[in-house]
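Trainee: Got a file for you: query-v1.cif, mmCIF, N, CA and C atoms.
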```cif
data_data
loop_
_atom_site.label_atom_id
_atom_site.label_comp_id
_atom_site.auth_asym_id
_atom_site.auth_seq_id
_atom_site.Cartn_x
_atom_site.Cartn_y
_atom_site.Cartn_z
N MET A 1 28.82 53.51 16.09
CA MET A 1 29.48 53.98 17.29
C MET A 1 30.24 55.26 16.96
N LYS A 2 30.15 56.20 17.84
CA LYS A 2 30.83 57.48 17.63
C LYS A 2 32.32 57.35 17.94
N ARG A 3 33.08 58.28 17.38
CA ARG A 3 34.52 58.29 17.54
C ARG A 3 34.93 58.25 19.01
N GLU A 4 34.31 59.09 19.84
CA GLU A 4 34.68 59.17 21.25
C GLU A 4 34.39 57.86 21.98
N GLU A 5 33.26 57.23 21.64
CA GLU A 5 32.91 55.95 22.26
C GLU A 5 33.93 54.87 21.89
N LEU A 6 34.30 54.84 20.62
CA LEU A 6 35.28 53.85 20.18
C LEU A 6 36.62 54.09 20.84
N LEU A 7 37.03 55.34 20.96
CA LEU A 7 38.29 55.67 21.60
C LEU A 7 38.30 55.15 23.04
N GLN A 8 37.25 55.42 23.80
CA GLN A 8 37.17 54.96 25.19
C GLN A 8 37.18 53.43 25.26
N LYS A 9 36.44 52.80 24.36
CA LYS A 9 36.38 51.33 24.34
C LYS A 9 37.76 50.74 24.04
N LEU A 10 38.46 51.30 23.07
CA LEU A 10 39.79 50.78 22.72
C LEU A 10 40.79 50.98 23.85
N MET A 11 40.67 52.08 24.56
CA MET A 11 41.56 52.32 25.71
C MET A 11 41.32 51.27 26.80
N LYS A 12 40.05 50.96 27.07
CA LYS A 12 39.72 49.94 28.07
C LYS A 12 40.17 48.56 27.59
N MET A 13 39.98 48.30 26.31
CA MET A 13 40.39 47.01 25.76
C MET A 13 41.91 46.84 25.84
N GLN A 14 42.63 47.91 25.61
CA GLN A 14 44.09 47.83 25.70
C GLN A 14 44.51 47.52 27.14
N LYS A 15 43.88 48.17 28.10
CA LYS A 15 44.20 47.90 29.51
C LYS A 15 43.89 46.46 29.88
N ASP A 16 42.75 45.94 29.41
CA ASP A 16 42.40 44.55 29.68
C ASP A 16 43.37 43.60 28.99
N THR A 17 43.84 43.97 27.82
CA THR A 17 44.83 43.15 27.11
C THR A 17 46.14 43.14 27.91
N GLU A 18 46.57 44.30 28.35
CA GLU A 18 47.80 44.39 29.14
C GLU A 18 47.70 43.58 30.42
N ALA A 19 46.47 43.48 30.97
CA ALA A 19 46.25 42.71 32.20
C ALA A 19 46.07 41.22 31.91
N GLY A 20 46.15 40.84 30.63
CA GLY A 20 46.04 39.43 30.26
C GLY A 20 44.61 38.92 30.19
N LYS A 21 43.63 39.81 30.12
CA LYS A 21 42.22 39.42 30.16
C LYS A 21 41.58 39.25 28.79
N LEU A 22 42.23 39.70 27.71
CA LEU A 22 41.63 39.63 26.38
C LEU A 22 42.52 38.84 25.43
N ASN A 23 41.88 38.03 24.60
CA ASN A 23 42.56 37.31 23.53
C ASN A 23 42.08 37.86 22.20
N TRP A 24 43.00 37.97 21.26
CA TRP A 24 42.72 38.61 19.98
C TRP A 24 43.07 37.71 18.81
N ARG A 25 42.39 37.97 17.70
CA ARG A 25 42.77 37.40 16.40
C ARG A 25 43.03 38.59 15.48
N LEU A 26 44.23 38.63 14.91
CA LEU A 26 44.59 39.67 13.94
C LEU A 26 44.75 39.02 12.58
N ASP A 27 44.02 39.54 11.62
CA ASP A 27 44.17 39.11 10.22
C ASP A 27 44.68 40.31 9.46
N VAL A 28 45.83 40.16 8.82
CA VAL A 28 46.47 41.26 8.11
C VAL A 28 46.58 40.89 6.64
N GLN A 29 46.26 41.83 5.78
CA GLN A 29 46.47 41.67 4.34
C GLN A 29 47.24 42.90 3.89
N THR A 30 48.43 42.68 3.34
CA THR A 30 49.29 43.80 2.99
C THR A 30 50.01 43.58 1.67
N SER A 31 50.35 44.68 1.03
CA SER A 31 51.12 44.62 -0.21
C SER A 31 52.57 45.03 0.03
N GLU A 32 52.94 45.29 1.27
CA GLU A 32 54.28 45.82 1.57
C GLU A 32 55.41 44.91 1.13
N GLY A 33 55.26 43.61 1.21
CA GLY A 33 56.34 42.70 0.86
C GLY A 33 56.40 42.35 -0.62
N ASN A 34 55.49 42.87 -1.41
CA ASN A 34 55.45 42.52 -2.83
C ASN A 34 56.71 43.01 -3.55
N GLU A 35 57.21 42.16 -4.45
CA GLU A 35 58.37 42.57 -5.25
C GLU A 35 57.98 43.65 -6.26
N GLU A 36 56.84 43.48 -6.91
CA GLU A 36 56.37 44.50 -7.86
C GLU A 36 55.51 45.50 -7.10
N LYS A 37 55.80 46.76 -7.28
CA LYS A 37 55.10 47.81 -6.57
C LYS A 37 54.18 48.59 -7.50
N TYR A 38 53.08 49.05 -6.95
CA TYR A 38 52.15 49.91 -7.67
C TYR A 38 52.69 51.33 -7.63
N ILE A 39 52.77 51.97 -8.78
CA ILE A 39 53.28 53.34 -8.87
C ILE A 39 52.14 54.26 -9.28
N LEU A 40 52.00 55.36 -8.56
CA LEU A 40 50.95 56.33 -8.81
C LEU A 40 51.61 57.67 -9.14
N GLU A 41 51.20 58.26 -10.24
CA GLU A 41 51.72 59.58 -10.63
C GLU A 41 50.82 60.65 -10.03
N GLU A 42 51.41 61.51 -9.19
CA GLU A 42 50.69 62.61 -8.58
C GLU A 42 51.58 63.84 -8.56
N GLU A 43 51.03 64.93 -8.99
CA GLU A 43 51.73 66.22 -8.94
C GLU A 43 53.13 66.13 -9.54
N GLY A 44 53.23 65.38 -10.65
CA GLY A 44 54.50 65.26 -11.36
C GLY A 44 55.53 64.37 -10.69
N GLU A 45 55.11 63.62 -9.65
CA GLU A 45 56.02 62.73 -8.95
C GLU A 45 55.50 61.30 -9.00
N SER A 46 56.41 60.35 -8.92
CA SER A 46 56.05 58.93 -8.90
C SER A 46 56.05 58.43 -7.46
N TRP A 47 54.89 58.02 -6.98
CA TRP A 47 54.71 57.55 -5.62
C TRP A 47 54.54 56.04 -5.62
N THR A 48 55.28 55.36 -4.76
CA THR A 48 55.12 53.92 -4.56
C THR A 48 54.01 53.73 -3.53
N VAL A 49 53.05 52.86 -3.87
CA VAL A 49 51.87 52.70 -3.02
C VAL A 49 51.83 51.31 -2.42
N ASP A 50 51.58 51.26 -1.12
CA ASP A 50 51.30 50.01 -0.42
C ASP A 50 49.99 50.18 0.33
N GLU A 51 49.30 49.06 0.49
CA GLU A 51 48.06 49.05 1.25
C GLU A 51 48.15 48.00 2.34
N CYS A 52 47.48 48.26 3.46
CA CYS A 52 47.46 47.30 4.55
C CYS A 52 46.09 47.35 5.24
N TYR A 53 45.46 46.18 5.31
CA TYR A 53 44.23 46.01 6.07
C TYR A 53 44.55 45.19 7.32
N VAL A 54 43.92 45.53 8.43
CA VAL A 54 44.05 44.73 9.65
C VAL A 54 42.66 44.53 10.23
N SER A 55 42.32 43.29 10.49
CA SER A 55 41.07 42.96 11.17
C SER A 55 41.41 42.58 12.61
N TYR A 56 40.81 43.30 13.55
CA TYR A 56 40.99 43.05 14.98
C TYR A 56 39.71 42.37 15.47
N HIS A 57 39.84 41.21 16.06
CA HIS A 57 38.66 40.50 16.53
C HIS A 57 38.91 39.93 17.93
N CYS A 58 37.92 40.11 18.81
CA CYS A 58 37.99 39.53 20.15
C CYS A 58 36.57 39.44 20.71
N THR A 59 36.46 38.80 21.85
CA THR A 59 35.21 38.82 22.60
C THR A 59 35.45 39.73 23.80
N TYR A 60 34.67 40.79 23.87
CA TYR A 60 34.85 41.80 24.91
C TYR A 60 33.54 41.99 25.66
N GLN A 61 33.58 41.81 26.96
CA GLN A 61 32.41 41.93 27.83
C GLN A 61 31.25 41.09 27.30
N GLY A 62 31.58 39.88 26.87
CA GLY A 62 30.57 38.92 26.43
C GLY A 62 30.06 39.12 25.01
N GLN A 63 30.59 40.09 24.27
CA GLN A 63 30.14 40.35 22.91
C GLN A 63 31.32 40.33 21.95
N GLU A 64 31.05 39.83 20.74
CA GLU A 64 32.09 39.85 19.72
C GLU A 64 32.36 41.28 19.28
N PHE A 65 33.64 41.57 19.10
CA PHE A 65 34.07 42.88 18.63
C PHE A 65 34.91 42.68 17.39
N CYS A 66 34.60 43.44 16.34
CA CYS A 66 35.39 43.38 15.11
C CYS A 66 35.61 44.80 14.61
N MET A 67 36.87 45.11 14.37
CA MET A 67 37.25 46.40 13.80
C MET A 67 38.23 46.12 12.68
N VAL A 68 38.07 46.83 11.58
CA VAL A 68 38.99 46.70 10.46
C VAL A 68 39.61 48.06 10.20
N THR A 69 40.92 48.08 10.01
CA THR A 69 41.59 49.32 9.66
C THR A 69 42.21 49.18 8.28
N TYR A 70 42.36 50.31 7.63
CA TYR A 70 42.98 50.37 6.30
C TYR A 70 43.99 51.50 6.32
N GLU A 71 45.16 51.22 5.76
CA GLU A 71 46.17 52.26 5.63
C GLU A 71 46.77 52.18 4.24
N MET A 72 46.76 53.33 3.55
CA MET A 72 47.46 53.45 2.27
C MET A 72 48.71 54.26 2.54
N LEU A 73 49.85 53.69 2.17
CA LEU A 73 51.13 54.37 2.35
C LEU A 73 51.68 54.73 0.98
N LYS A 74 51.95 56.01 0.78
CA LYS A 74 52.55 56.47 -0.47
C LYS A 74 53.91 57.06 -0.14
N SER A 75 54.95 56.58 -0.84
CA SER A 75 56.29 57.10 -0.58
C SER A 75 56.94 57.55 -1.88
N CYS A 76 57.73 58.61 -1.75
CA CYS A 76 58.43 59.18 -2.90
C CYS A 76 59.65 59.93 -2.40
N GLU A 77 60.81 59.44 -2.75
CA GLU A 77 62.07 60.12 -2.42
C GLU A 77 62.13 60.59 -0.97
N GLY A 78 61.88 59.69 -0.06
CA GLY A 78 61.97 60.01 1.36
C GLY A 78 60.73 60.65 1.97
N LYS A 79 59.77 61.00 1.14
CA LYS A 79 58.52 61.57 1.65
C LYS A 79 57.52 60.44 1.85
N LEU A 80 56.68 60.57 2.85
CA LEU A 80 55.67 59.56 3.14
C LEU A 80 54.33 60.23 3.39
N ARG A 81 53.31 59.72 2.74
CA ARG A 81 51.93 60.19 2.98
C ARG A 81 51.10 58.96 3.33
N THR A 82 50.19 59.13 4.27
CA THR A 82 49.32 58.01 4.63
C THR A 82 47.86 58.46 4.62
N VAL A 83 47.01 57.50 4.33
CA VAL A 83 45.56 57.67 4.41
C VAL A 83 45.08 56.54 5.31
N ASN A 84 44.30 56.86 6.33
CA ASN A 84 43.84 55.86 7.29
C ASN A 84 42.32 55.87 7.39
N TYR A 85 41.76 54.66 7.49
CA TYR A 85 40.33 54.50 7.73
C TYR A 85 40.14 53.48 8.84
N ILE A 86 39.07 53.64 9.58
CA ILE A 86 38.68 52.68 10.61
C ILE A 86 37.23 52.30 10.35
N PHE A 87 36.97 50.99 10.39
CA PHE A 87 35.63 50.48 10.10
C PHE A 87 35.16 49.58 11.24
N LEU A 88 33.87 49.64 11.51
CA LEU A 88 33.21 48.73 12.45
C LEU A 88 32.12 47.99 11.68
N PRO A 89 32.52 46.98 10.91
CA PRO A 89 31.54 46.27 10.09
C PRO A 89 30.72 45.29 10.92
N PRO A 90 29.57 44.89 10.39
CA PRO A 90 28.82 43.81 11.06
C PRO A 90 29.69 42.56 11.09
N LEU A 91 29.43 41.69 12.04
CA LEU A 91 30.30 40.52 12.22
C LEU A 91 30.39 39.64 10.98
N GLY A 92 29.37 39.64 10.13
CA GLY A 92 29.40 38.82 8.93
C GLY A 92 30.24 39.41 7.80
N VAL A 93 30.66 40.65 7.95
CA VAL A 93 31.43 41.32 6.89
C VAL A 93 32.90 41.31 7.30
N ARG A 94 33.64 40.38 6.72
CA ARG A 94 35.07 40.27 7.05
C ARG A 94 35.89 40.25 5.77
N VAL A 95 35.57 41.13 4.86
CA VAL A 95 36.30 41.21 3.60
C VAL A 95 37.17 42.46 3.62
N PHE A 96 38.29 42.37 2.94
CA PHE A 96 39.19 43.52 2.85
C PHE A 96 38.92 44.22 1.53
N SER A 97 37.86 45.03 1.52
CA SER A 97 37.46 45.78 0.34
C SER A 97 36.95 47.14 0.78
N LEU A 98 37.62 48.19 0.31
CA LEU A 98 37.18 49.53 0.69
C LEU A 98 35.73 49.78 0.30
N HIS A 99 35.34 49.33 -0.89
CA HIS A 99 33.97 49.58 -1.35
C HIS A 99 32.95 48.96 -0.40
N THR A 100 33.24 47.78 0.11
CA THR A 100 32.32 47.11 1.03
C THR A 100 32.37 47.75 2.41
N LEU A 101 33.57 48.12 2.86
CA LEU A 101 33.74 48.62 4.22
C LEU A 101 33.35 50.08 4.41
N LEU A 102 33.38 50.89 3.37
CA LEU A 102 33.13 52.33 3.52
C LEU A 102 31.81 52.65 4.20
N ALA A 103 30.81 51.82 3.97
CA ALA A 103 29.51 52.07 4.61
C ALA A 103 29.58 51.92 6.13
N HIS A 104 30.67 51.32 6.63
CA HIS A 104 30.81 51.06 8.06
C HIS A 104 31.96 51.86 8.68
N SER A 105 32.32 52.96 8.03
CA SER A 105 33.47 53.73 8.50
C SER A 105 33.12 54.58 9.74
N VAL A 106 34.14 54.82 10.53
CA VAL A 106 34.05 55.65 11.72
C VAL A 106 34.76 56.96 11.39
N ASP A 107 34.18 58.06 11.80
CA ASP A 107 34.79 59.37 11.58
C ASP A 107 36.02 59.47 12.48
N ALA A 108 37.16 59.08 11.94
CA ALA A 108 38.39 58.99 12.73
C ALA A 108 39.16 60.30 12.70
N ASP A 109 39.80 60.59 13.82
CA ASP A 109 40.72 61.73 13.90
C ASP A 109 42.09 61.20 14.33
N ALA A 110 43.05 62.09 14.46
CA ALA A 110 44.42 61.68 14.78
C ALA A 110 44.50 60.97 16.14
N VAL A 111 43.67 61.37 17.10
CA VAL A 111 43.70 60.75 18.42
C VAL A 111 43.24 59.30 18.34
N LEU A 112 42.14 59.05 17.63
CA LEU A 112 41.64 57.69 17.49
C LEU A 112 42.62 56.82 16.70
N ILE A 113 43.16 57.35 15.63
CA ILE A 113 44.13 56.60 14.83
C ILE A 113 45.36 56.27 15.67
N SER A 114 45.79 57.20 16.51
CA SER A 114 46.92 56.95 17.40
C SER A 114 46.61 55.84 18.40
N GLN A 115 45.39 55.81 18.93
CA GLN A 115 45.01 54.76 19.88
C GLN A 115 44.99 53.40 19.20
N VAL A 116 44.49 53.34 17.97
CA VAL A 116 44.50 52.08 17.23
C VAL A 116 45.94 51.62 17.03
N HIS A 117 46.83 52.55 16.72
CA HIS A 117 48.24 52.21 16.54
C HIS A 117 48.85 51.68 17.83
N LYS A 118 48.50 52.29 18.96
CA LYS A 118 48.99 51.81 20.26
C LYS A 118 48.51 50.38 20.53
N LEU A 119 47.25 50.12 20.21
CA LEU A 119 46.72 48.77 20.38
C LEU A 119 47.48 47.79 19.48
N TRP A 120 47.70 48.18 18.23
CA TRP A 120 48.47 47.34 17.29
C TRP A 120 49.85 47.01 17.88
N GLU A 121 50.53 48.03 18.37
CA GLU A 121 51.87 47.81 18.93
C GLU A 121 51.82 46.85 20.12
N GLU A 122 50.83 47.00 20.97
CA GLU A 122 50.69 46.11 22.13
C GLU A 122 50.41 44.67 21.69
N LEU A 123 49.54 44.51 20.71
CA LEU A 123 49.21 43.16 20.25
C LEU A 123 50.40 42.50 19.57
N ILE A 124 51.12 43.24 18.76
CA ILE A 124 52.30 42.68 18.10
C ILE A 124 53.37 42.32 19.13
N LYS A 125 53.54 43.16 20.13
CA LYS A 125 54.50 42.87 21.20
C LYS A 125 54.14 41.55 21.89
N ARG A 126 52.87 41.39 22.21
CA ARG A 126 52.41 40.17 22.89
C ARG A 126 52.56 38.95 21.99
N TYR A 127 52.28 39.11 20.71
CA TYR A 127 52.45 38.00 19.77
C TYR A 127 53.91 37.57 19.71
N LYS A 128 54.81 38.54 19.58
CA LYS A 128 56.25 38.24 19.50
C LYS A 128 56.77 37.59 20.78
N GLN A 129 56.17 37.93 21.91
CA GLN A 129 56.56 37.33 23.19
C GLN A 129 55.99 35.92 23.36
N GLY A 130 55.10 35.53 22.44
CA GLY A 130 54.50 34.20 22.53
C GLY A 130 53.53 34.06 23.68
N SER A 131 52.82 35.15 24.01
CA SER A 131 51.93 35.15 25.17
C SER A 131 50.70 34.26 24.98
N GLY A 132 50.36 33.92 23.75
CA GLY A 132 49.16 33.13 23.51
C GLY A 132 47.89 33.96 23.46
N GLN A 133 47.99 35.25 23.72
CA GLN A 133 46.82 36.12 23.69
C GLN A 133 46.46 36.55 22.27
N VAL A 134 47.38 36.40 21.34
CA VAL A 134 47.17 36.93 20.00
C VAL A 134 47.44 35.86 18.94
N GLU A 135 46.41 35.59 18.14
CA GLU A 135 46.59 34.78 16.94
C GLU A 135 46.84 35.76 15.81
N PHE A 136 47.84 35.48 14.99
CA PHE A 136 48.25 36.43 13.96
C PHE A 136 48.33 35.72 12.62
N PHE A 137 47.62 36.25 11.63
CA PHE A 137 47.60 35.68 10.29
C PHE A 137 47.87 36.80 9.29
N ILE A 138 48.76 36.55 8.35
CA ILE A 138 49.10 37.57 7.37
C ILE A 138 49.06 36.96 5.97
N THR A 139 48.50 37.73 5.03
CA THR A 139 48.47 37.32 3.63
C THR A 139 48.92 38.47 2.75
N GLU A 140 49.42 38.10 1.59
CA GLU A 140 49.87 39.10 0.63
C GLU A 140 48.67 39.63 -0.16
N ALA A 141 48.74 40.89 -0.51
CA ALA A 141 47.66 41.52 -1.28
C ALA A 141 48.24 42.31 -2.44
N GLN A 142 47.42 42.60 -3.38
CA GLN A 142 47.77 43.50 -4.47
C GLN A 142 47.08 44.83 -4.21
N VAL A 143 47.69 45.91 -4.67
CA VAL A 143 47.09 47.23 -4.52
C VAL A 143 45.91 47.32 -5.47
N HIS A 144 44.78 47.82 -4.97
CA HIS A 144 43.56 47.96 -5.78
C HIS A 144 43.07 49.39 -5.73
N ILE A 145 43.73 50.26 -6.46
CA ILE A 145 43.35 51.67 -6.49
C ILE A 145 42.59 51.93 -7.79
N GLU A 146 41.44 52.57 -7.65
CA GLU A 146 40.69 52.98 -8.82
C GLU A 146 40.94 54.45 -9.03
N GLU A 147 41.70 54.74 -10.06
CA GLU A 147 42.02 56.13 -10.35
C GLU A 147 40.88 56.78 -11.13
N ASP A 148 40.71 58.09 -10.91
CA ASP A 148 39.69 58.83 -11.65
C ASP A 148 40.09 58.87 -13.12
N ALA A 149 39.10 58.63 -13.97
CA ALA A 149 39.37 58.63 -15.41
C ALA A 149 39.24 60.03 -15.97
#
```
Can you dump the structure from the file as structure tokens?

Mentor:
Amino acid sequence: MKREELLQKLMKMQKDTEAGKLNWRLDVQTSEGNEEKYILEEEGESWTVDECYVSYHCTYQGQEFCMVTYEMLKSCEGKLRTVNYIFLPPLGVRVFSLHTLLAHSVDADAVLISQVHKLWEELIKRYKQGSGQVEFFITEAQVHIEEDA
């Protein structure tokens, strides 16, 4: 699916969610709460790295929809850098592995990433309100960065 198609679909899905017509399952795997942090040396600075995967799943217009997002957050002395990916894997692929998911990546731009973030905010809001539209599952992860040798 092309970026523009996904953007339009996500906008419609958000409207249907706001209207109470869609139910979602969110599976999150993150390293943000870990006591021990992964440190990456870049450009003479020490960056703390966190990773977060989110799997968005619902049935939309009679078909299963699955999207996985990945965000790497690097922070150093008040500076923050992020790397974002969006994947549309086949329904049987529900693993949080960049190597597996990269073949299913969508050419994302800032507009699409912003729309995914808006959907995330809406789903989290509904979950916190106890609307029953969102099942939310979170697990702890370790950072898995393969540095160039």

Trainee: Quick one: which residues end up in the PyMOL selection byres ((chain A and resi 66-82) around 5) for this structure, as a PDB file with N, CA and C atoms, in the coordinates of the input?

Mentor:
```pdb
ATOM      1  N   TRP A  47      54.890  58.020  -6.980  1.00  0.00           N
ATOM      2  CA  TRP A  47      54.710  57.550  -5.620  1.00  0.00           C
ATOM      3  C   TRP A  47      54.540  56.040  -5.620  1.00  0.00           C
ATOM      4  N   THR A  48      55.280  55.360  -4.760  1.00  0.00           N
ATOM      5  CA  THR A  48      55.120  53.920  -4.560  1.00  0.00           C
ATOM      6  C   THR A  48      54.010  53.730  -3.530  1.00  0.00           C
ATOM      7  N   VAL A  49      53.050  52.860  -3.870  1.00  0.00           N
ATOM      8  CA  VAL A  49      51.870  52.700  -3.020  1.00  0.00           C
ATOM      9  C   VAL A  49      51.830  51.310  -2.420  1.00  0.00           C
ATOM     10  N   ASP A  50      51.580  51.260  -1.120  1.00  0.00           N
ATOM     11  CA  ASP A  50      51.300  50.010  -0.420  1.00  0.00           C
ATOM     12  C   ASP A  50      49.990  50.180   0.330  1.00  0.00           C
ATOM     13  N   GLU A  51      49.300  49.060   0.490  1.00  0.00           N
ATOM     14  CA  GLU A  51      48.060  49.050   1.250  1.00  0.00           C
ATOM     15  C   GLU A  51      48.150  48.000   2.340  1.00  0.00           C
ATOM     16  N   CYS A  52      47.480  48.260   3.460  1.00  0.00           N
ATOM     17  CA  CYS A  52      47.460  47.300   4.550  1.00  0.00           C
ATOM     18  C   CYS A  52      46.090  47.350   5.240  1.00  0.00           C
ATOM     19  N   TYR A  53      45.460  46.180   5.310  1.00  0.00           N
ATOM     20  CA  TYR A  53      44.230  46.010   6.070  1.00  0.00           C
ATOM     21  C   TYR A  53      44.550  45.190   7.320  1.00  0.00           C
ATOM     22  N   VAL A  54      43.920  45.530   8.430  1.00  0.00           N
ATOM     23  CA  VAL A  54      44.050  44.730   9.650  1.00  0.00           C
ATOM     24  C   VAL A  54      42.660  44.530  10.230  1.00  0.00           C
ATOM     25  N   SER A  55      42.320  43.290  10.490  1.00  0.00           N
ATOM     26  CA  SER A  55      41.070  42.960  11.170  1.00  0.00           C
ATOM     27  C   SER A  55      41.410  42.580  12.610  1.00  0.00           C
ATOM     28  N   TYR A  56      40.810  43.300  13.550  1.00  0.00           N
ATOM     29  CA  TYR A  56      40.990  43.050  14.980  1.00  0.00           C
ATOM     30  C   TYR A  56      39.710  42.370  15.470  1.00  0.00           C
ATOM     31  N   HIS A  57      39.840  41.210  16.060  1.00  0.00           N
ATOM     32  CA  HIS A  57      38.660  40.500  16.530  1.00  0.00           C
ATOM     33  C   HIS A  57      38.910  39.930  17.930  1.00  0.00           C
ATOM     34  N   GLU A  64      31.050  39.830  20.740  1.00  0.00           N
ATOM     35  CA  GLU A  64      32.090  39.850  19.720  1.00  0.00           C
ATOM     36  C   GLU A  64      32.360  41.280  19.280  1.00  0.00           C
ATOM     37  N   PHE A  65      33.640  41.570  19.100  1.00  0.00           N
ATOM     38  CA  PHE A  65      34.070  42.880  18.630  1.00  0.00           C
ATOM     39  C   PHE A  65      34.910  42.680  17.390  1.00  0.00           C
ATOM     40  N   VAL A  83      47.010  57.500   4.330  1.00  0.00           N
ATOM     41  CA  VAL A  83      45.560  57.670   4.410  1.00  0.00           C
ATOM     42  C   VAL A  83      45.080  56.540   5.310  1.00  0.00           C
ATOM     43  N   ASN A  84      44.300  56.860   6.330  1.00  0.00           N
ATOM     44  CA  ASN A  84      43.840  55.860   7.290  1.00  0.00           C
ATOM     45  C   ASN A  84      42.320  55.870   7.390  1.00  0.00           C
ATOM     46  N   TYR A  85      41.760  54.660   7.490  1.00  0.00           N
ATOM     47  CA  TYR A  85      40.330  54.500   7.730  1.00  0.00           C
ATOM     48  C   TYR A  85      40.140  53.480   8.840  1.00  0.00           C
ATOM     49  N   ILE A  86      39.070  53.640   9.580  1.00  0.00           N
ATOM     50  CA  ILE A  86      38.680  52.680  10.610  1.00  0.00           C
ATOM     51  C   ILE A  86      37.230  52.300  10.350  1.00  0.00           C
ATOM     52  N   PHE A  87      36.970  50.990  10.390  1.00  0.00           N
ATOM     53  CA  PHE A  87      35.630  50.480  10.100  1.00  0.00           C
ATOM     54  C   PHE A  87      35.160  49.580  11.240  1.00  0.00           C
ATOM     55  N   LEU A  88      33.870  49.640  11.510  1.00  0.00           N
ATOM     56  CA  LEU A  88      33.210  48.730  12.450  1.00  0.00           C
ATOM     57  C   LEU A  88      32.120  47.990  11.680  1.00  0.00           C
TER      58      LEU A  88
END
```

Trainee: Output as a Markdown table one row per residue of stretch 24-55 of chain A within 8 Å of stretch 128-141 of chain A: the closest atom pair and its distance in Å to one decimal place, counting only N, CA and C atoms, sorted by chain and residue number ascending.

Mentor:
```
| residue | atom | partner | partner_atom | distance |
| --- | --- | --- | --- | --- |
| A:Trp24 | N | A:Gln133 | C | 3.9 |
| A:Arg25 | CA | A:Glu135 | N | 4.4 |
| A:Leu26 | N | A:Glu135 | C | 4.0 |
| A:Asp27 | CA | A:Phe137 | C | 4.5 |
| A:Val28 | N | A:Phe137 | C | 4.0 |
| A:Gln29 | CA | A:Thr139 | C | 4.3 |
| A:Thr30 | C | A:Ala141 | N | 3.7 |
| A:Ser31 | CA | A:Ala141 | C | 4.3 |
| A:Glu32 | N | A:Ala141 | N | 6.3 |
| A:Gly33 | N | A:Glu140 | CA | 7.1 |
| A:Asn34 | N | A:Glu140 | CA | 7.1 |
| A:Glu51 | C | A:Ala141 | C | 7.4 |
```

Trainee: Taking only C-alpha atoms into account, which of A:Leu10, A:Arg3, A:Ile39, A:Glu18 comes nearest A:Arg126?

Mentor: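 Among A:Leu10, A:Arg3, A:Ile39, A:Glu18, it is A:Glu18 that comes nearest to A:Arg126.
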
Trainee: I'd like the residues picked by the PyMOL selection byres ((chain A and resi 104) around 7) written out as a VMD selection string, using the chain letters and numbers from the file.

Mentor: chain A and resid 86 to 90 100 to 103 105 to 106

Trainee: Ranking A:Leu91, A:Trp120, A:Lys125, A:Glu42 by minimum distance to A:Gln63 and counting only C-alpha atoms, which one comes first?

Mentor: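 Counting only C-alpha atoms, the residue closest to A:Gln63 is A:Leu91.
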
Trainee: Could you tell me which residues the PyMOL selection byres (((chain A and resi 13 and name CA) around 12) and name CA) grabs in this file, written as number ranges by chain?

Mentor: A: 6-12, 14-24, 56-61, 65, 115-116, 118-120, 122-123

Trainee: With DSSP run on the backbone, what are the strand (DSSP E or B) residues within stretch 36-97 of chain A? I'd like them as a PyMOL selection string.

Mentor: chain A and resi 38-42+45-60+63-76+79-87

Trainee: Measure the distance from atom C of A:Met1 to atom C of A:Leu98 in Å and round it to one decimal.

Mentor: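 It comes out at 18.4 Å.
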
Trainee: One number please: atom CA of A:Lys2 to atom CA of A:Glu121, in Å, one decimal.

Mentor: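 Atom CA of A:Glu121 lies at a distance of 23.2 Å from atom CA of A:Lys2.
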
Trainee: Among stretch 29-119 of chain A, which ones does DSSP place in helix (DSSP H, G or I), written as a list in words?

Mentor: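 For stretch 29-119 of chain A, the helix (DSSP H, G or I) set is Leu98, His99, Thr100, Leu101, Leu102, Ala103, His104, Ala110, Val111, Leu112, Ile113, Ser114, Gln115, Val116, His117, Lys118 and Leu119 of chain A.
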
Trainee: Please compute the atom C of A:Leu112-atom CA of A:Phe96 distance, one decimal, in Å.

Mentor: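 For atom C of A:Leu112 relative to atom CA of A:Phe96, the distance reads 19.5 Å.
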